[in-house]
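Structure, as structure tokens:
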Amino acid sequence: MASFNGCKRYGNFGQYRRRFFSLGPAMIASCAMQVKKDAIYLVSEIKKGIESQAPGGVPFIPLADSTKKRKGSSKALIDTQAMMGAVTHVPVRPITEFIGLLRTQMHKAKDGKTMSMANLGLIHEQPYYKASGKGLKRIPARSFIGPVAKKEMPGIIERFKAAAAAPVNVP
């Protein structure tokens, strides 16, 4: 298992990388184009999932009554549309796209405190424990990236295989 900027990879990626880049520029260009298309598609699906409150078909755990009252809404993650607006994709190297929330994007809470959107996304992606007057309060996960990635991965793999089998012309 290898790691890149905190993202885990499984398998012998050095071997896969060498084999892939030996395929030639036409196949590499075809695959790079497909990876970018899928990155754009995943960002769209993540945003749709937040809007529908069921990313990847997995419904969010309902908000607590106290949270609904404080927010004035029963929808998770869309008080100001900031979370949806922050979901993005960025090319990081050939045939590799980052999909998620950038550390450089900041979110300003109603209480005036700021935090990176990446940290805010992590709080929602997994269960979070917050200190309160009564000890630790557990905030349930409302994962919005993981379920979409899990649902869409079989299609992404098939499209990548097809792109590698039908290269585009490269001058």
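Lettering and numbering for the structure tokens are positional, with chains as A, B, ... in the shown order, residues counted from 1 in each chain, and ligands counted from 1 in the shown order.
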Tell me, which residues of chain A carry DSSP alpha helix (DSSP H), written as a PyMOL selection string?
chain A and resi 13-21+25-52+65-71+82-86+117-125+146-165
All residues 7 Å or closer to segment 30-47 of chain A, only C-alpha atoms, same chain fewer than 3 positions away omitted, as a list of chain:residue names
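After dropping sequence-adjacent residues, the list is A:Ala26, A:Met27, A:Ile50, A:Glu51, A:Pro55, A:Met84, A:Val87, A:Thr88, A:His89, A:Pro94, A:Ile95, A:Glu97, A:Ile99, A:Phe144, A:Ile145, A:Val148, A:Ile156, A:Phe160, A:Ala163, A:Ala164, A:Pro167, A:Val168.
Running DSSP on the backbone and keeping only strand (DSSP E or B), the residues of segment 16-113 of chain A that qualify are A:Thr88, A:His89, A:Val90, A:Pro91, A:Val92, A:Arg93, A:Thr96, A:Glu97, A:Phe98, A:Ile99, A:Gly100, A:Met106, A:His107, A:Lys108.
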Interatomic distance (Å, one decimal) between atom CA of Lys161 of chain A and atom CA of Leu23 of chain A:
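That distance, rounded to one decimal, is 13.0 Å.
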What is the atom CA of His107 of chain A to atom CA of Gln81 of chain A distance in Å?
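So the two atoms, atom CA of His107 of chain A and atom CA of Gln81 of chain A, lie 11.0 Å apart.
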Find the spatial neighbours of segment 125-134 of chain A, counting only C-alpha atoms, within a cut-off of 9 Å - ignore same-chain residues fewer than 5 positions away - and output them as a list of chain:residue names.
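The neighbour list is A:Leu120, A:Ile139, A:Pro140, A:Ala141, A:Arg142, A:Ser143, A:Phe144, A:Ile145, A:Gly146.
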Exercise: Ala54 of chain A partners within 9 Å, only C-alpha atoms, chain neighbours under 6 positions left out, as a list in words:
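The residues that qualify are Lys48, Phe60, Phe144 and Pro147 of chain A.
As for atom CA of Met115 of chain A and atom CA of Arg103 of chain A, they are spaced 8.9 Å apart.
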